[in-house]
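Data first, discussion second: the structure below is written as structure tokens.
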Amino acid sequence: MSIIDTTTSAVPPVAPPAEAEPGGGGRHELWPAARAVLEANWSGRHTVPSRTLYPHQWSWDAAFIAIGLARLAPDRAWQDLRSLFLAQWPDGRVPHIVFDPGIAERDYFPGPGFWQVPLRRPGHPDGTGIVQPPAHALAVWELYQRAPDAVGLAQLRWFYPRLVAAQDYLLGRRDAGGGGLAAIVHPWESGLDNSPAWDTALAAVPADLTVLAGRQRHDNRVAAVAHRPTDEDYARFVALALAYRDHDYADDALADRHGFVVECPTFNALLGAAERALAAIAGVVGADPARHLARAGHITRAIDDRLWNPRTGMYHARDVRTGRLSPARCVNGLVPLILPDLPADRVAALVAVLGSDRFGMSAAMPVPSYDRTATDFDPVRYWRGPVWININWLLWRGLRAHGCATEADRLRAAMIDLVGRSGYYEYFHPVTGAGVGAAAFSWTAALLLDLLADGD
Ligand code: 2M8
């Protein structure tokens, strides 16, 4: 694809994160520990989410990490994001993982040997063939706003065509439902891997444990089994990835032949937010913002037309194969709050659900990933109940965008308090607040820096 410059990055060497400027969030006691997490997780080219559980680079993690690094070390933030985009495919897709060639295959499953991505280009890192939520345009625009100088402008110029190509891929080849939204073809693409939001769509995918024979999960060796997806989940995850891989990662006729084709409210809300960020970036680099604003408007309307459930007062994932909405009330159905053009009655409904017993935003705890009152709410199993900081950060931004300052301030305080009590964990028990999953987790540290700096 001609708009993608395949030469390697010309980013200058990057200094380690410095102390925050006086008057910034650096005065807070949590600041140095967050900086230490990000420093320890820096590989030399990118930041890994966790040294133990996720030793490569992940796509939407990179966006959240860059937003935090922008508060510490903008050069490193730019380099981190650029390292991800060096693995962008010619069709525009950005891999959900970019593999570090220095990490052994056994140290993460499924690694590069499993994905067998065909488009290897000399001098470029290998990635997977699936994507993750498109949070990168948002991150690029945040980075530029923190330092709108000549370096920032050069970075905007480098990123703009790549971000446009990523959006074109999602809005073109992934519009499997034909309604103007991007469909995901694997739960891993949502970032909310084992969320109850996928249960009904996944029920049609056989949980055939024999696909795991001869394959070794790495996650269960370094994290508690009760905190991770089950083997049945992994059997479905592996089967879906193999099916997509064995069709050469093609996106034609997905709804007819692929086992999981779903429109996720959070994925598409970030898709719309990306078009808004691209409109702002276009205005700086001399491109046309109007196209992006028009697309952003279409996406908001499509989310509302296709994913709203008037009975629950929130958004739900839609199974493109059956046309049905998932019955589960999951936090991914609240994240469209980040869209500034969401109709006022929808905003009011989402804020009411956030404050209800189901999500309990009125408590001192941030928002859980699933309805607390659901019979299958699980406080430790990954995306089926625990509190995640990246999702809460998005909700915080959304509340602010809609003038809900009191709720936003309370949510920010709850996140800072939780991490202050428990540490920079991957996720948190939604009742006790105990840290769960990987310790020293990068996006928790990065987004805490952003929250801390924002308050000063
Ligand atoms: C988790 O997902 C990976 C697969 O992509 C895994 O479980 O191995 C999710 O929490 C995802 O949202 C996140 O990007 C990734 C790395 O932090 O871990």
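For the structure tokens, the naming scheme is as follows: chains receive sequential letters (A, B, ...) according to their order of presentation, residues are indexed from 1 within each chain, and ligands are indexed from 1 in presentation order.
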
Close residues, Asp107 in chain A itself excluded, 9 Å, only C-alpha atoms, min 3 positions apart in chain, as a CSV table (one decimal) with N, CA and C atoms, in the first residue's frame:
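Output contents, as saved in result.csv:
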chain,number,residue,atom,x,y,z
A,52,THR,N,6.1,-10.9,33.0
A,52,THR,CA,5.8,-12.3,33.2
A,52,THR,C,4.7,-12.8,32.3
A,53,LEU,N,3.6,-12.1,32.2
A,53,LEU,CA,2.4,-12.7,31.5
A,53,LEU,C,2.4,-12.3,30.0
A,54,TYR,N,2.8,-11.1,29.7
A,54,TYR,CA,2.7,-10.6,28.3
A,54,TYR,C,4.0,-10.0,27.9
A,55,PRO,N,5.0,-10.8,27.4
A,55,PRO,CA,6.3,-10.3,27.2
A,55,PRO,C,6.6,-9.7,25.8
A,103,ILE,N,12.2,-13.1,22.5
A,103,ILE,CA,11.4,-13.8,23.4
A,103,ILE,C,11.1,-15.2,22.8
A,104,ALA,N,11.4,-16.3,23.6
A,104,ALA,CA,11.2,-17.6,23.1
A,104,ALA,C,9.7,-17.9,22.9
A,111,GLY,N,2.2,-17.9,20.3
A,111,GLY,CA,3.3,-17.0,19.8
A,111,GLY,C,3.3,-17.0,18.3
A,218,HIS,N,0.7,-20.7,28.4
A,218,HIS,CA,1.7,-20.1,29.2
A,218,HIS,C,1.1,-19.4,30.4
A,219,ASP,N,-0.1,-18.7,30.1
A,219,ASP,CA,-0.6,-17.8,31.1
A,219,ASP,C,-0.9,-18.6,32.5

Give me the residues of chain A that have any atom at most 7 Å from an atom of ligand 1; for each, the nearest atom pair and the distance in Å, rounded to one decimal. Use only C-alpha atoms and all ligand atoms, sort by chain and number, and format it as CSV.
residue,atom,partner,partner_atom_place_in_ligand_line,distance
A:Pro49,CA,ligand 1,17 (O),5.1
A:Tyr54,CA,ligand 1,16 (C),5.9
A:Trp58,CA,ligand 1,14 (O),5.6
A:Ser59,CA,ligand 1,14 (O),6.7
A:Trp60,CA,ligand 1,14 (O),5.9
A:Asp61,CA,ligand 1,14 (O),5.4
A:His96,CA,ligand 1,5 (O),6.7
A:Trp188,CA,ligand 1,5 (O),5.0
A:Gly191,CA,ligand 1,12 (O),3.2
A:Leu192,CA,ligand 1,12 (O),5.3
A:Asp193,CA,ligand 1,9 (C),5.8
A:Asp219,CA,ligand 1,8 (O),6.8

inquiry  = Which residue is closest to Arg173 in chain A? Choose from A:Trp78, A:Phe159, A:Tyr249, A:Phe99 and count only C-alpha atoms.
reply    =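 Ranking A:Trp78, A:Phe159, A:Tyr249, A:Phe99 by distance to Arg173 in chain A, first place goes to A:Tyr249.
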
Please report, as CSV, each residue of range 18-74 of chain A lying at most 10 Å from range 428-449 of chain A, together with the nearest pair of atoms and the separation in Å rounded to one decimal; use only C-alpha atoms, and order rows by chain and ascending residue number.
residue,atom,partner,partner_atom,distance
A:Ala20,CA,A:Leu449,CA,9.9
A:Gly24,CA,A:Leu449,CA,9.8
A:Gly25,CA,A:Leu449,CA,7.0
A:Gly26,CA,A:Leu449,CA,8.5
A:His28,CA,A:Leu449,CA,9.6
A:Leu30,CA,A:Leu448,CA,8.3
A:Trp31,CA,A:Leu449,CA,6.5
A:Pro32,CA,A:Leu449,CA,9.5
A:Ala33,CA,A:Ala445,CA,8.1
A:Ala34,CA,A:Ala445,CA,4.7
A:Arg35,CA,A:Ala445,CA,7.4
A:Ala36,CA,A:Ala440,CA,8.9
A:Val37,CA,A:Ala440,CA,5.5
A:Leu38,CA,A:Ser442,CA,5.9
A:Glu39,CA,A:Ser442,CA,9.4
A:Ala40,CA,A:Ala440,CA,8.6
A:Asn41,CA,A:Ser442,CA,7.0
A:Trp42,CA,A:Ser442,CA,9.4
A:Thr47,CA,A:Ser442,CA,7.5
A:Val48,CA,A:Ser442,CA,7.1
A:Pro49,CA,A:Ser442,CA,4.9
A:Ser50,CA,A:Phe441,CA,5.3
A:Arg51,CA,A:Ala440,CA,8.4
A:Thr52,CA,A:Ala438,CA,7.4
A:Leu53,CA,A:Ala438,CA,6.6
A:Tyr54,CA,A:Ala438,CA,9.0
A:Trp60,CA,A:Trp443,CA,9.4
A:Asp61,CA,A:Trp443,CA,6.2
A:Ala62,CA,A:Trp443,CA,8.2
A:Ala63,CA,A:Trp443,CA,8.8
A:Phe64,CA,A:Trp443,CA,5.7
A:Ile65,CA,A:Ala446,CA,5.1
A:Ala66,CA,A:Ala446,CA,7.5
A:Ile67,CA,A:Ala446,CA,6.9
A:Gly68,CA,A:Ala446,CA,3.9
A:Leu69,CA,A:Ala446,CA,6.3
A:Ala70,CA,A:Ala446,CA,9.0
A:Arg71,CA,A:Leu449,CA,6.8
A:Leu72,CA,A:Leu449,CA,8.3

Would you give me, as a tab-separated table, each residue of range 219-326 of chain A having an atom within 9 Å of an atom of range 366-390 of chain A, along with its shortest atom pair and that distance in Å to one decimal, using only C-alpha atoms and sorting by chain and residue number?
residue	atom	partner	partner_atom	distance
A:Val225	CA	A:Arg381	CA	8.8
A:Ala226	CA	A:Arg381	CA	6.1
A:His227	CA	A:Arg381	CA	4.2
A:Arg228	CA	A:Arg381	CA	5.6
A:Pro229	CA	A:Arg381	CA	6.9

task = Could you tell me how far CA of Pro265 in chain A lies from CA of Gly129 in chain A, in Å and to one decimal?
result =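 Separation of CA of Pro265 in chain A and CA of Gly129 in chain A: 21.7 Å.
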
task = Would you return as a PyMOL selection string the members of range 42-272 of chain A that DSSP assigns to helix (DSSP H, G or I) on this structure's backbone?
result = chain A and resi 59-69+74-85+105-107+112-115+136-146+150-172+187-190+196-202+209-212+219-222+225-227+231-246+254-257+265-272

Please identify every residue of range 168-269 of chain A that has at least one atom no farther than 9 Å from an atom of range 313-324 of chain A, counting only C-alpha atoms, and for each give the shortest atom pair and the distance in Å to one decimal, arranged by chain then increasing number, as a Markdown table.
| residue | atom | partner | partner_atom | distance |
| --- | --- | --- | --- | --- |
| A:Ala176 | CA | A:Val320 | CA | 7.3 |
| A:Gly177 | CA | A:Val320 | CA | 5.6 |
| A:Ala183 | CA | A:Val320 | CA | 7.8 |
| A:Ala197 | CA | A:Ala317 | CA | 6.3 |
| A:Trp198 | CA | A:Ala317 | CA | 7.6 |
| A:Thr200 | CA | A:Asp319 | CA | 8.4 |
| A:Ala201 | CA | A:Asp319 | CA | 6.1 |
| A:Leu254 | CA | A:Arg321 | CA | 8.9 |
| A:Ala255 | CA | A:Arg321 | CA | 5.4 |
| A:Asp256 | CA | A:Arg321 | CA | 7.4 |
| A:His258 | CA | A:Arg321 | CA | 8.9 |
| A:Gly259 | CA | A:Arg321 | CA | 8.4 |
| A:Phe260 | CA | A:Arg321 | CA | 7.8 |
| A:Val261 | CA | A:Val320 | CA | 5.6 |
| A:Val262 | CA | A:Asp319 | CA | 4.6 |
| A:Glu263 | CA | A:Arg318 | CA | 5.1 |
| A:Cys264 | CA | A:Ala317 | CA | 4.7 |
| A:Pro265 | CA | A:Ala317 | CA | 6.0 |
| A:Thr266 | CA | A:Ala317 | CA | 8.9 |

key: strand (DSSP E or B) residues, from DSSP on the backbone, in range 81-274 of chain A, as a ChimeraX atom specification   = /A:97-98,127,184,262-263

task = Mind giving me the straight-line distance from CA of Asp126 in chain A to CA of Pro112 in chain A in Å, one decimal?
result =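 Pair CA of Asp126 in chain A / CA of Pro112 in chain A returns 7.1 Å.
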
ask   = Do you know which residues are at most 7 Å from range 404-417 of chain A counting only C-alpha atoms, after dropping those on the same chain fewer than 5 positions away, and could you put them as number ranges by chain?
value = A: 364-366, 396, 399, 448, 451

Convert the current residue selection to file output with all heavy atoms, as an mmCIF file, in the first residue's frame.
data_model
loop_
_atom_site.group_PDB
_atom_site.id
_atom_site.type_symbol
_atom_site.label_atom_id
_atom_site.label_comp_id
_atom_site.auth_asym_id
_atom_site.auth_seq_id
_atom_site.Cartn_x
_atom_site.Cartn_y
_atom_site.Cartn_z
ATOM 1 N N ALA A 364 -16.999 3.543 46.669
ATOM 2 C CA ALA A 364 -15.623 4.032 46.610
ATOM 3 C C ALA A 364 -14.826 3.295 45.539
ATOM 4 O O ALA A 364 -13.749 3.699 45.169
ATOM 5 C CB ALA A 364 -14.964 3.835 47.967
ATOM 6 N N MET A 365 -15.384 2.207 45.058
ATOM 7 C CA MET A 365 -14.694 1.358 44.079
ATOM 8 C C MET A 365 -14.989 1.816 42.652
ATOM 9 O O MET A 365 -16.112 2.228 42.364
ATOM 10 C CB MET A 365 -15.216 -0.071 44.291
ATOM 11 C CG MET A 365 -14.488 -1.157 43.589
ATOM 12 S SD MET A 365 -12.827 -1.379 44.207
ATOM 13 C CE MET A 365 -13.146 -2.095 45.815
ATOM 14 N N PRO A 366 -13.993 1.736 41.751
ATOM 15 C CA PRO A 366 -14.304 2.010 40.342
ATOM 16 C C PRO A 366 -15.274 0.971 39.788
ATOM 17 O O PRO A 366 -15.723 0.051 40.490
ATOM 18 C CB PRO A 366 -12.933 1.918 39.664
ATOM 19 C CG PRO A 366 -11.937 2.105 40.751
ATOM 20 C CD PRO A 366 -12.573 1.527 41.983
ATOM 21 N N TRP A 396 -14.149 7.645 32.684
ATOM 22 C CA TRP A 396 -13.829 8.955 33.294
ATOM 23 C C TRP A 396 -13.802 10.042 32.218
ATOM 24 O O TRP A 396 -14.415 11.105 32.370
ATOM 25 C CB TRP A 396 -12.478 8.831 34.004
ATOM 26 C CG TRP A 396 -11.867 10.105 34.469
ATOM 27 C CD1 TRP A 396 -12.340 10.947 35.422
ATOM 28 C CD2 TRP A 396 -10.643 10.680 33.993
ATOM 29 N NE1 TRP A 396 -11.479 12.018 35.583
ATOM 30 C CE2 TRP A 396 -10.430 11.872 34.714
ATOM 31 C CE3 TRP A 396 -9.702 10.296 33.044
ATOM 32 C CZ2 TRP A 396 -9.320 12.691 34.495
ATOM 33 C CZ3 TRP A 396 -8.594 11.101 32.830
ATOM 34 C CH2 TRP A 396 -8.413 12.293 33.547
ATOM 35 N N LEU A 399 -17.402 10.669 31.059
ATOM 36 C CA LEU A 399 -18.191 11.471 32.007
ATOM 37 C C LEU A 399 -17.815 12.943 31.895
ATOM 38 O O LEU A 399 -18.675 13.827 31.885
ATOM 39 C CB LEU A 399 -17.944 10.964 33.438
ATOM 40 C CG LEU A 399 -18.594 9.611 33.766
ATOM 41 C CD1 LEU A 399 -18.020 9.035 35.066
ATOM 42 C CD2 LEU A 399 -20.118 9.754 33.874
ATOM 43 N N LEU A 448 -2.516 5.831 35.504
ATOM 44 C CA LEU A 448 -2.459 6.516 36.798
ATOM 45 C C LEU A 448 -1.659 7.809 36.685
ATOM 46 O O LEU A 448 -2.015 8.837 37.265
ATOM 47 C CB LEU A 448 -1.863 5.590 37.864
ATOM 48 C CG LEU A 448 -2.834 5.163 38.960
ATOM 49 C CD1 LEU A 448 -3.123 6.298 39.947
ATOM 50 C CD2 LEU A 448 -4.166 4.657 38.378
ATOM 51 N N LEU A 451 -3.934 10.293 35.242
ATOM 52 C CA LEU A 451 -4.932 10.748 36.226
ATOM 53 C C LEU A 451 -4.307 11.685 37.246
ATOM 54 O O LEU A 451 -4.888 12.702 37.623
ATOM 55 C CB LEU A 451 -5.527 9.536 36.956
ATOM 56 C CG LEU A 451 -6.430 8.612 36.131
ATOM 57 C CD1 LEU A 451 -6.704 7.318 36.904
ATOM 58 C CD2 LEU A 451 -7.741 9.311 35.793
#

task = Rank A:Ala150, A:Ile391, A:Val351, A:Leu163 by their smallest atom-to-atom distance to Asp91 in chain A, using only C-alpha atoms, and report the top residue only.
result =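 Going through A:Ala150, A:Ile391, A:Val351, A:Leu163 one by one, the smallest distance to Asp91 in chain A is for A:Leu163.
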
key: Nearest-residue call for Gln167 in chain A, choices A:Leu181, A:Val284, A:Leu334, A:Ile130, using only C-alpha atoms   =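 Ranked by minimum distance to Gln167 in chain A, first place goes to A:Leu181.
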